[in-house]
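Q: My structure is in entry_3.cif, and what it holds is mmCIF, C-alpha atoms:
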data_data
loop_
_atom_site.group_PDB
_atom_site.id
_atom_site.type_symbol
_atom_site.label_atom_id
_atom_site.label_comp_id
_atom_site.auth_asym_id
_atom_site.auth_seq_id
_atom_site.Cartn_x
_atom_site.Cartn_y
_atom_site.Cartn_z
ATOM 1 C CA MET A 1 55.071 126.530 -17.712
ATOM 2 C CA ALA A 2 54.788 129.887 -19.493
ATOM 3 C CA GLU A 3 58.157 130.962 -18.110
ATOM 4 C CA ARG A 4 59.762 127.721 -19.300
ATOM 5 C CA GLY A 5 58.322 128.210 -22.776
ATOM 6 C CA ARG A 6 59.522 131.800 -22.838
ATOM 7 C CA ARG A 7 63.059 130.729 -21.921
ATOM 8 C CA GLY A 8 62.997 128.017 -24.575
ATOM 9 C CA ARG A 9 61.973 130.523 -27.218
ATOM 10 C CA THR A 10 64.716 132.894 -26.108
ATOM 11 C CA VAL A 11 67.399 130.197 -26.462
ATOM 12 C CA VAL A 12 66.218 129.237 -29.980
ATOM 13 C CA ALA A 13 66.050 132.857 -31.103
ATOM 14 C CA SER A 14 69.518 133.480 -29.678
ATOM 15 C CA VAL A 15 71.010 130.535 -31.539
ATOM 16 C CA VAL A 16 69.371 131.470 -34.878
ATOM 17 C CA VAL A 17 70.289 135.153 -34.805
ATOM 18 C CA VAL A 18 73.805 134.699 -33.452
ATOM 19 C CA ALA A 19 74.493 132.224 -36.272
ATOM 20 C CA LEU A 20 73.515 134.944 -38.762
ATOM 21 C CA LEU A 21 75.634 137.569 -37.009
ATOM 22 C CA ALA A 22 78.738 135.374 -37.013
ATOM 23 C CA ALA A 23 79.320 135.939 -40.727
ATOM 24 C CA ALA A 24 78.849 139.709 -40.566
ATOM 25 C CA ALA A 25 81.250 142.545 -39.837
ATOM 26 C CA VAL A 26 81.120 143.638 -36.221
ATOM 27 C CA ALA A 27 81.882 146.774 -34.258
ATOM 28 C CA LEU A 28 84.009 147.352 -31.177
ATOM 29 C CA LEU A 29 86.571 144.682 -32.058
ATOM 30 C CA PRO A 30 89.742 144.764 -29.941
ATOM 31 C CA PRO A 31 93.150 144.946 -31.665
ATOM 32 C CA ALA A 32 94.783 141.659 -32.606
ATOM 33 C CA ARG A 33 96.696 140.029 -29.761
ATOM 34 C CA ALA A 34 100.452 140.464 -29.988
ATOM 35 C CA ALA A 35 101.117 137.077 -28.382
ATOM 36 C CA GLY A 36 99.003 133.969 -28.386
ATOM 37 C CA TYR A 37 98.034 131.585 -25.615
ATOM 38 C CA PRO A 38 98.982 127.901 -25.406
ATOM 39 C CA PRO A 39 96.441 125.253 -26.402
ATOM 40 C CA LEU A 40 94.515 123.519 -23.671
ATOM 41 C CA PRO A 41 95.843 120.215 -22.313
ATOM 42 C CA LEU A 42 92.754 118.393 -23.578
ATOM 43 C CA ALA A 43 91.232 117.701 -26.963
ATOM 44 C CA ASP A 44 87.842 119.419 -26.491
ATOM 45 C CA ASP A 45 87.349 122.996 -25.269
ATOM 46 C CA ALA A 46 83.547 122.744 -25.232
ATOM 47 C CA GLY A 47 83.286 121.794 -21.571
ATOM 48 C CA PHE A 48 84.263 125.131 -20.019
ATOM 49 C CA VAL A 49 80.986 127.001 -20.638
ATOM 50 C CA ALA A 50 77.630 125.251 -20.301
ATOM 51 C CA ALA A 51 73.942 126.086 -19.790
ATOM 52 C CA LEU A 52 74.357 129.400 -21.618
ATOM 53 C CA ARG A 53 71.081 131.346 -21.743
ATOM 54 C CA GLY A 54 70.330 134.665 -23.408
ATOM 55 C CA ALA A 55 67.755 137.192 -22.247
ATOM 56 C CA GLU A 56 64.528 138.581 -23.682
ATOM 57 C CA LEU A 57 63.686 142.117 -22.564
ATOM 58 C CA THR A 58 61.270 144.931 -23.276
ATOM 59 C CA PRO A 59 62.498 148.539 -23.565
ATOM 60 C CA GLY A 60 63.111 149.718 -20.007
ATOM 61 C CA GLY A 61 63.068 146.131 -18.707
ATOM 62 C CA SER A 62 65.739 143.915 -17.188
ATOM 63 C CA GLY A 63 66.703 140.254 -16.993
ATOM 64 C CA ASP A 64 69.688 137.932 -16.655
ATOM 65 C CA LEU A 65 72.258 136.199 -18.813
ATOM 66 C CA THR A 66 73.152 132.907 -17.142
ATOM 67 C CA LEU A 67 75.871 130.348 -17.716
ATOM 68 C CA THR A 68 77.983 127.778 -15.905
ATOM 69 C CA ILE A 69 81.787 127.795 -15.820
ATOM 70 C CA HIS A 70 83.129 124.249 -15.541
ATOM 71 C CA ASP A 71 86.659 122.924 -14.998
ATOM 72 C CA PRO A 72 87.189 119.816 -17.181
ATOM 73 C CA LEU A 73 90.962 119.777 -16.553
ATOM 74 C CA ALA A 74 92.879 117.411 -14.299
ATOM 75 C CA GLY A 75 93.903 120.297 -12.018
ATOM 76 C CA ALA A 76 92.182 123.301 -10.477
ATOM 77 C CA ILE A 77 91.889 126.605 -12.343
ATOM 78 C CA ASP A 78 92.413 129.947 -10.596
ATOM 79 C CA SER A 79 92.617 133.666 -11.425
ATOM 80 C CA VAL A 80 89.384 133.051 -13.350
ATOM 81 C CA VAL A 81 87.966 136.104 -15.141
ATOM 82 C CA LEU A 82 84.911 135.984 -17.409
ATOM 83 C CA THR A 83 84.407 138.955 -19.751
ATOM 84 C CA ALA A 84 81.085 139.556 -21.474
ATOM 85 C CA GLY A 85 80.367 142.300 -23.972
ATOM 86 C CA ILE A 86 77.590 143.409 -26.302
ATOM 87 C CA TYR A 87 79.217 144.004 -29.684
ATOM 88 C CA ALA A 88 76.726 143.863 -32.582
ATOM 89 C CA PHE A 89 73.102 144.721 -33.285
ATOM 90 C CA SER A 90 70.547 143.249 -35.680
ATOM 91 C CA PRO A 91 67.429 145.453 -35.775
ATOM 92 C CA PHE A 92 63.857 144.455 -36.385
ATOM 93 C CA PRO A 93 62.586 144.799 -39.040
ATOM 94 C CA GLY A 94 65.483 144.329 -41.420
ATOM 95 C CA ASN A 95 67.700 141.723 -39.705
ATOM 96 C CA ALA A 96 70.822 143.374 -41.148
ATOM 97 C CA THR A 97 73.706 143.847 -38.745
ATOM 98 C CA THR A 98 74.364 147.538 -38.114
ATOM 99 C CA PRO A 99 76.998 149.446 -36.131
ATOM 100 C CA LEU A 100 76.307 149.219 -32.426
ATOM 101 C CA ASP A 101 75.008 152.424 -30.842
ATOM 102 C CA ILE A 102 76.519 152.349 -27.358
ATOM 103 C CA ALA A 103 74.141 155.049 -26.135
ATOM 104 C CA SER A 104 71.090 152.863 -26.701
ATOM 105 C CA ALA A 105 72.561 149.375 -26.149
ATOM 106 C CA PRO A 106 71.502 147.268 -23.148
ATOM 107 C CA LEU A 107 73.834 147.416 -20.154
ATOM 108 C CA LEU A 108 75.459 144.438 -18.461
ATOM 109 C CA SER A 109 76.293 144.545 -14.755
ATOM 110 C CA ASN A 110 78.719 142.942 -12.351
ATOM 111 C CA ALA A 111 79.032 143.577 -8.618
ATOM 112 C CA THR A 112 80.360 147.117 -9.044
ATOM 113 C CA ILE A 113 79.711 148.614 -12.498
ATOM 114 C CA SER A 114 77.360 148.564 -15.477
ATOM 115 C CA GLY A 115 78.245 148.944 -19.132
ATOM 116 C CA PRO A 116 78.168 147.290 -22.577
ATOM 117 C CA GLN A 117 81.137 145.172 -21.413
ATOM 118 C CA VAL A 118 81.921 143.867 -17.917
ATOM 119 C CA GLY A 119 84.240 141.386 -16.266
ATOM 120 C CA VAL A 120 83.514 138.934 -13.462
ATOM 121 C CA SER A 121 86.215 137.431 -11.243
ATOM 122 C CA LEU A 122 85.561 133.939 -9.885
ATOM 123 C CA PRO A 123 87.134 131.918 -7.094
ATOM 124 C CA SER A 124 89.307 128.923 -7.865
ATOM 125 C CA ILE A 125 87.379 126.024 -9.414
ATOM 126 C CA SER A 126 88.313 122.435 -8.566
ATOM 127 C CA PRO A 127 88.572 119.709 -11.229
ATOM 128 C CA ASN A 128 85.119 118.622 -12.478
ATOM 129 C CA ALA A 129 83.490 121.352 -10.379
ATOM 130 C CA SER A 130 81.328 124.204 -11.696
ATOM 131 C CA ARG A 131 80.251 127.702 -10.755
ATOM 132 C CA GLU A 132 77.079 129.391 -11.934
ATOM 133 C CA VAL A 133 77.352 132.944 -13.228
ATOM 134 C CA THR A 134 74.470 135.415 -13.502
ATOM 135 C CA LEU A 135 74.947 138.688 -15.379
ATOM 136 C CA PRO A 136 72.101 141.191 -14.959
ATOM 137 C CA VAL A 137 71.231 143.031 -18.171
ATOM 138 C CA ALA A 138 68.931 146.035 -18.567
ATOM 139 C CA ALA A 139 67.500 147.782 -21.618
ATOM 140 C CA GLY A 140 66.884 151.516 -21.655
ATOM 141 C CA ALA A 141 63.596 153.137 -22.562
ATOM 142 C CA THR A 142 65.082 154.089 -25.947
ATOM 143 C CA THR A 143 66.697 150.713 -26.701
ATOM 144 C CA PRO A 144 65.498 149.671 -30.191
ATOM 145 C CA ALA A 145 63.837 146.366 -30.973
ATOM 146 C CA GLY A 146 66.224 143.741 -32.253
ATOM 147 C CA THR A 147 68.948 141.359 -31.180
ATOM 148 C CA PHE A 148 72.203 142.375 -29.489
ATOM 149 C CA ALA A 149 74.986 139.794 -29.838
ATOM 150 C CA VAL A 150 77.011 139.027 -26.698
ATOM 151 C CA ARG A 151 80.597 137.741 -26.866
ATOM 152 C CA PHE A 152 82.534 136.022 -24.084
ATOM 153 C CA ALA A 153 86.177 135.556 -23.082
ATOM 154 C CA LEU A 154 87.418 133.306 -20.276
ATOM 155 C CA ALA A 155 90.906 133.769 -18.806
ATOM 156 C CA PHE A 156 92.409 131.549 -16.103
ATOM 157 C CA ARG A 157 95.571 129.865 -14.867
ATOM 158 C CA SER A 158 96.202 126.165 -14.365
ATOM 159 C CA ASN A 159 99.469 124.726 -13.043
ATOM 160 C CA GLY A 160 101.044 128.154 -13.455
ATOM 161 C CA VAL A 161 100.101 128.452 -17.153
ATOM 162 C CA SER A 162 97.771 131.207 -18.422
ATOM 163 C CA TYR A 163 94.979 130.311 -20.849
ATOM 164 C CA ASN A 164 92.392 132.328 -22.751
ATOM 165 C CA LEU A 165 89.238 131.151 -24.512
ATOM 166 C CA SER A 166 87.324 133.619 -26.685
ATOM 167 C CA SER A 167 84.152 133.592 -28.758
ATOM 168 C CA ARG A 168 83.682 134.603 -32.404
ATOM 169 C CA GLY A 169 82.944 138.235 -31.616
ATOM 170 C CA TRP A 170 86.491 139.016 -30.454
ATOM 171 C CA PHE A 171 87.999 138.448 -33.920
ATOM 172 C CA SER A 172 87.846 140.598 -37.019
ATOM 173 C CA PRO A 173 86.375 138.896 -40.110
ATOM 174 C CA ALA A 174 89.862 138.646 -41.657
ATOM 175 C CA VAL A 175 91.464 137.068 -38.582
ATOM 176 C CA TRP A 176 88.548 134.652 -38.138
ATOM 177 C CA ALA A 177 88.683 133.598 -41.784
ATOM 178 C CA ALA A 178 92.441 133.018 -41.602
ATOM 179 C CA GLY A 179 92.078 130.979 -38.418
ATOM 180 C CA THR A 180 89.193 128.777 -39.549
ATOM 181 C CA THR A 181 90.046 128.001 -43.195
ATOM 182 C CA GLY A 182 91.861 124.751 -43.926
ATOM 183 C CA PRO A 183 93.292 123.239 -47.117
ATOM 184 C CA ASN A 184 91.107 123.541 -50.239
ATOM 185 C CA GLY A 185 88.660 125.815 -48.442
ATOM 186 C CA THR A 186 87.716 123.312 -45.737
ATOM 187 C CA VAL A 187 86.740 124.461 -42.260
ATOM 188 C CA ALA A 188 89.465 123.853 -39.692
ATOM 189 C CA VAL A 189 90.040 125.871 -36.522
ATOM 190 C CA ASN A 190 93.679 126.917 -36.108
ATOM 191 C CA LEU A 191 94.039 128.171 -32.530
ATOM 192 C CA THR A 192 97.621 129.272 -33.141
ATOM 193 C CA ARG A 193 96.501 131.669 -35.867
ATOM 194 C CA LEU A 194 93.669 132.927 -33.683
ATOM 195 C CA GLY A 195 96.006 133.320 -30.728
ATOM 196 C CA VAL A 196 93.711 131.662 -28.176
ATOM 197 C CA SER A 197 93.506 128.419 -26.224
ATOM 198 C CA GLY A 198 89.953 127.596 -27.311
ATOM 199 C CA ILE A 199 86.660 128.898 -28.691
ATOM 200 C CA LEU A 200 83.585 129.772 -26.618
ATOM 201 C CA PRO A 201 79.914 129.952 -27.631
ATOM 202 C CA GLU A 202 77.958 133.218 -27.781
ATOM 203 C CA THR A 203 74.445 134.307 -26.943
ATOM 204 C CA SER A 204 72.300 137.419 -27.381
ATOM 205 C CA VAL A 205 69.889 139.850 -25.764
ATOM 206 C CA LEU A 206 66.561 140.018 -27.573
ATOM 207 C CA VAL A 207 64.704 143.306 -27.102
ATOM 208 C CA ASP A 208 61.011 142.836 -27.768
ATOM 209 C CA SER A 209 58.967 145.912 -28.671
ATOM 210 C CA ASN A 210 55.428 146.145 -30.054
ATOM 211 C CA GLY A 211 54.881 142.412 -30.388
ATOM 212 C CA PHE A 212 58.262 141.689 -31.993
ATOM 213 C CA SER A 213 58.627 138.209 -30.503
ATOM 214 C CA GLU A 214 54.997 137.308 -31.274
ATOM 215 C CA LEU A 215 55.565 138.202 -34.940
ATOM 216 C CA LEU A 216 58.904 136.380 -35.017
ATOM 217 C CA TRP A 217 57.467 133.178 -33.603
ATOM 218 C CA GLY A 218 54.405 133.577 -35.782
ATOM 219 C CA LEU A 219 56.619 133.588 -38.878
ATOM 220 C CA LEU A 220 58.548 130.554 -37.643
ATOM 221 C CA GLY A 221 55.290 128.765 -36.888
ATOM 222 C CA ALA A 222 53.948 129.566 -40.342
ATOM 223 C CA GLY A 223 57.110 128.131 -41.877
ATOM 224 C CA ILE A 224 56.668 124.903 -39.923
ATOM 225 C CA VAL A 225 53.048 124.653 -41.086
ATOM 226 C CA VAL A 226 54.088 125.127 -44.729
ATOM 227 C CA VAL A 227 56.744 122.405 -44.409
ATOM 228 C CA GLY A 228 54.202 120.080 -42.792
ATOM 229 C CA ILE A 229 51.661 120.631 -45.556
ATOM 230 C CA GLY A 230 54.330 120.067 -48.204
ATOM 231 C CA ALA A 231 55.399 116.787 -46.606
ATOM 232 C CA PHE A 232 51.791 115.603 -46.350
ATOM 233 C CA LEU A 233 51.116 116.308 -50.023
ATOM 234 C CA TYR A 234 54.399 114.688 -51.098
ATOM 235 C CA PHE A 235 53.801 111.409 -49.255
ATOM 236 C CA ARG A 236 50.119 111.403 -50.212
ATOM 237 C CA ARG A 237 51.121 111.589 -53.879
ATOM 238 C CA SER A 238 53.908 109.009 -53.462
ATOM 239 C CA ASN A 239 51.526 106.534 -51.820
ATOM 240 C CA SER A 240 48.695 107.060 -54.306
ATOM 241 C CA SER A 241 47.219 103.808 -55.721
ATOM 242 C CA SER A 242 45.457 105.454 -58.671
ATOM 243 C CA GLY A 243 48.219 104.474 -61.084
ATOM 244 C CA THR A 244 48.334 107.923 -62.672
ATOM 245 C CA ARG A 245 51.624 109.845 -63.022
ATOM 246 C CA ALA A 246 52.476 113.303 -64.225
ATOM 247 C CA SER A 247 53.644 113.646 -67.801
ATOM 248 C CA ARG A 248 57.412 113.934 -68.286
ATOM 249 C CA ASP A 249 56.719 117.092 -70.274
ATOM 250 C CA ASP A 250 55.335 118.778 -67.170
ATOM 251 C CA PRO A 251 57.062 119.516 -63.885
ATOM 252 C CA THR A 252 56.308 116.942 -61.201
ATOM 253 C CA HIS A 253 55.977 119.639 -58.542
ATOM 254 C CA ALA A 254 56.252 123.354 -58.015
ATOM 255 C CA PRO A 255 59.707 124.914 -57.578
ATOM 256 C CA ARG A 256 60.985 124.709 -54.015
ATOM 257 C CA ALA A 257 63.314 126.891 -51.986
ATOM 258 C CA PHE A 258 65.619 123.929 -51.395
ATOM 259 C CA GLY A 259 66.578 123.642 -55.073
ATOM 260 C CA LYS A 260 65.431 122.301 -58.437
ATOM 261 C CA ARG A 261 67.678 119.246 -58.798
ATOM 262 C CA ARG A 262 65.791 115.910 -59.098
ATOM 263 C CA ARG A 263 67.268 112.455 -58.805
ATOM 264 C CA SER A 264 64.116 110.596 -59.870
ATOM 265 C CA ASP A 265 60.424 111.081 -60.624
ATOM 266 C CA GLY A 266 58.644 112.268 -57.532
ATOM 267 C CA ASP A 267 61.649 114.053 -55.958
#
Kindly present the structure from the file in structure tokens form.

A:
Amino acid sequence: MAERGRRGRTVVASVVVVALLAAAAVALLPPARAAGYPPLPLADDAGFVAALRGAELTPGGSGDLTLTIHDPLAGAIDSVVLTAGIYAFSPFPGNATTPLDIASAPLLSNATISGPQVGVSLPSISPNASREVTLPVAAGATTPAGTFAVRFALAFRSNGVSYNLSSRGWFSPAVWAAGTTGPNGTVAVNLTRLGVSGILPETSVLVDSNGFSELLWGLLGAGIVVVGIGAFLYFRRSNSSSGTRASRDDPTHAPRAFGKRRRSDGD
């Protein structure tokens, strides 16, 4: 039960921090691709990577990144290569993305080598079949506390055509902005501009030192308690039968982080 809770916390922390990192400048970006890849012969590219889990380590400790590669196409995929790489770092305290120090970053491993970036070759995958992938990851004794973002790329062939799916971390901020901005500033993914067949999710490695995760989850828990108390007081006031109401000359409630706009009394 404790292990399940720990994994659940790791997934939530990964999602929160990676969302913050996505808007920041990143290090170790590869040069822009000279030629793009064709779009996938299906409308949704979300089915290729599933059950993606990050890792929570202590300095000098080790763990696993796990995911499942699935073939949602009508035909088999072969020449499958998954590339994973650690590319950005958000330290604790501070939570500001900083240049990645390769010397102190965690190391990923495949069957033969270890490094901040590794590739894994997979056998052919039949339609609607899946293969589980486990990537060992180890932190050094000098690895700092914080979150290391992990990007993924998936290359394969289907019916003689080569495809490539990449996650946010493979694109510079300028290329990503150009490939995800639609008319009038709307959000619209343009795979042709990005030069890929689809977009993959990302995860992270959380390095916990000196009670980092306990403090992090303590802060999140405190936030939930504050929201709960605020909701209780709001509905208690709304349901009051005393008949009294605050004067229009006075604010009906204290300022909130979600904004000051009010549609009606009691908002």

Q: The PyMOL selection byres ((chain A and resi 39) around 8) - which residues does that actually catch in the file I just gave you? List them as an mmCIF file with C-alpha atoms, in the coordinates of the input.

A:
data_model
loop_
_atom_site.group_PDB
_atom_site.id
_atom_site.type_symbol
_atom_site.label_atom_id
_atom_site.label_comp_id
_atom_site.auth_asym_id
_atom_site.auth_seq_id
_atom_site.Cartn_x
_atom_site.Cartn_y
_atom_site.Cartn_z
ATOM 1 C CA TYR A 37 98.034 131.585 -25.615
ATOM 2 C CA PRO A 38 98.982 127.901 -25.406
ATOM 3 C CA LEU A 40 94.515 123.519 -23.671
ATOM 4 C CA PRO A 41 95.843 120.215 -22.313
ATOM 5 C CA TYR A 163 94.979 130.311 -20.849
ATOM 6 C CA LEU A 191 94.039 128.171 -32.530
ATOM 7 C CA THR A 192 97.621 129.272 -33.141
ATOM 8 C CA VAL A 196 93.711 131.662 -28.176
ATOM 9 C CA SER A 197 93.506 128.419 -26.224
ATOM 10 C CA GLY A 198 89.953 127.596 -27.311
#

Q: Go ahead and compute the interatomic distance for atom CA of Pro201 of chain A and atom CA of Ala84 of chain A, in Å to one decimal.

A: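 Distance reported for this atom pair: 11.5 Å.
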
Q: Just so the selection is clear, what residues does the PyMOL selection byres ((chain A and resi 147) around 8) cover here, as a list in words?

A: Val17, Phe89, Ser90, Pro91, Phe92, Ala145, Gly146, Phe148, Ala149, Ser204, Val205, Leu206 and Val207 of chain A

Q: Compile the contact shell of Ile86 of chain A as a list in words: residues with an atom at most 8 Å away, counting only C-alpha atoms, same-chain residues fewer than 6 positions apart removed.

A: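 Answer for this query is Ala105, Pro106, Pro116, Gln117, Phe148, Ala149, Val150 and Arg151 of chain A.
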
Q: Can you spell out as a PDB file with C-alpha atoms, keeping the file's coordinate frame the set of residues that the PyMOL selection byres ((chain A and resi 101) around 10) selects in the structure I just provided?

A:
ATOM      1  CA  ALA A  27      81.882 146.774 -34.258  1.00  0.00           C
ATOM      2  CA  TYR A  87      79.217 144.004 -29.684  1.00  0.00           C
ATOM      3  CA  ALA A  88      76.726 143.863 -32.582  1.00  0.00           C
ATOM      4  CA  PHE A  89      73.102 144.721 -33.285  1.00  0.00           C
ATOM      5  CA  THR A  98      74.364 147.538 -38.114  1.00  0.00           C
ATOM      6  CA  PRO A  99      76.998 149.446 -36.131  1.00  0.00           C
ATOM      7  CA  LEU A 100      76.307 149.219 -32.426  1.00  0.00           C
ATOM      8  CA  ILE A 102      76.519 152.349 -27.358  1.00  0.00           C
ATOM      9  CA  ALA A 103      74.141 155.049 -26.135  1.00  0.00           C
ATOM     10  CA  SER A 104      71.090 152.863 -26.701  1.00  0.00           C
ATOM     11  CA  ALA A 105      72.561 149.375 -26.149  1.00  0.00           C
ATOM     12  CA  PRO A 106      71.502 147.268 -23.148  1.00  0.00           C
ATOM     13  CA  THR A 143      66.697 150.713 -26.701  1.00  0.00           C
ATOM     14  CA  PRO A 144      65.498 149.671 -30.191  1.00  0.00           C
TER      15      PRO A 144
END
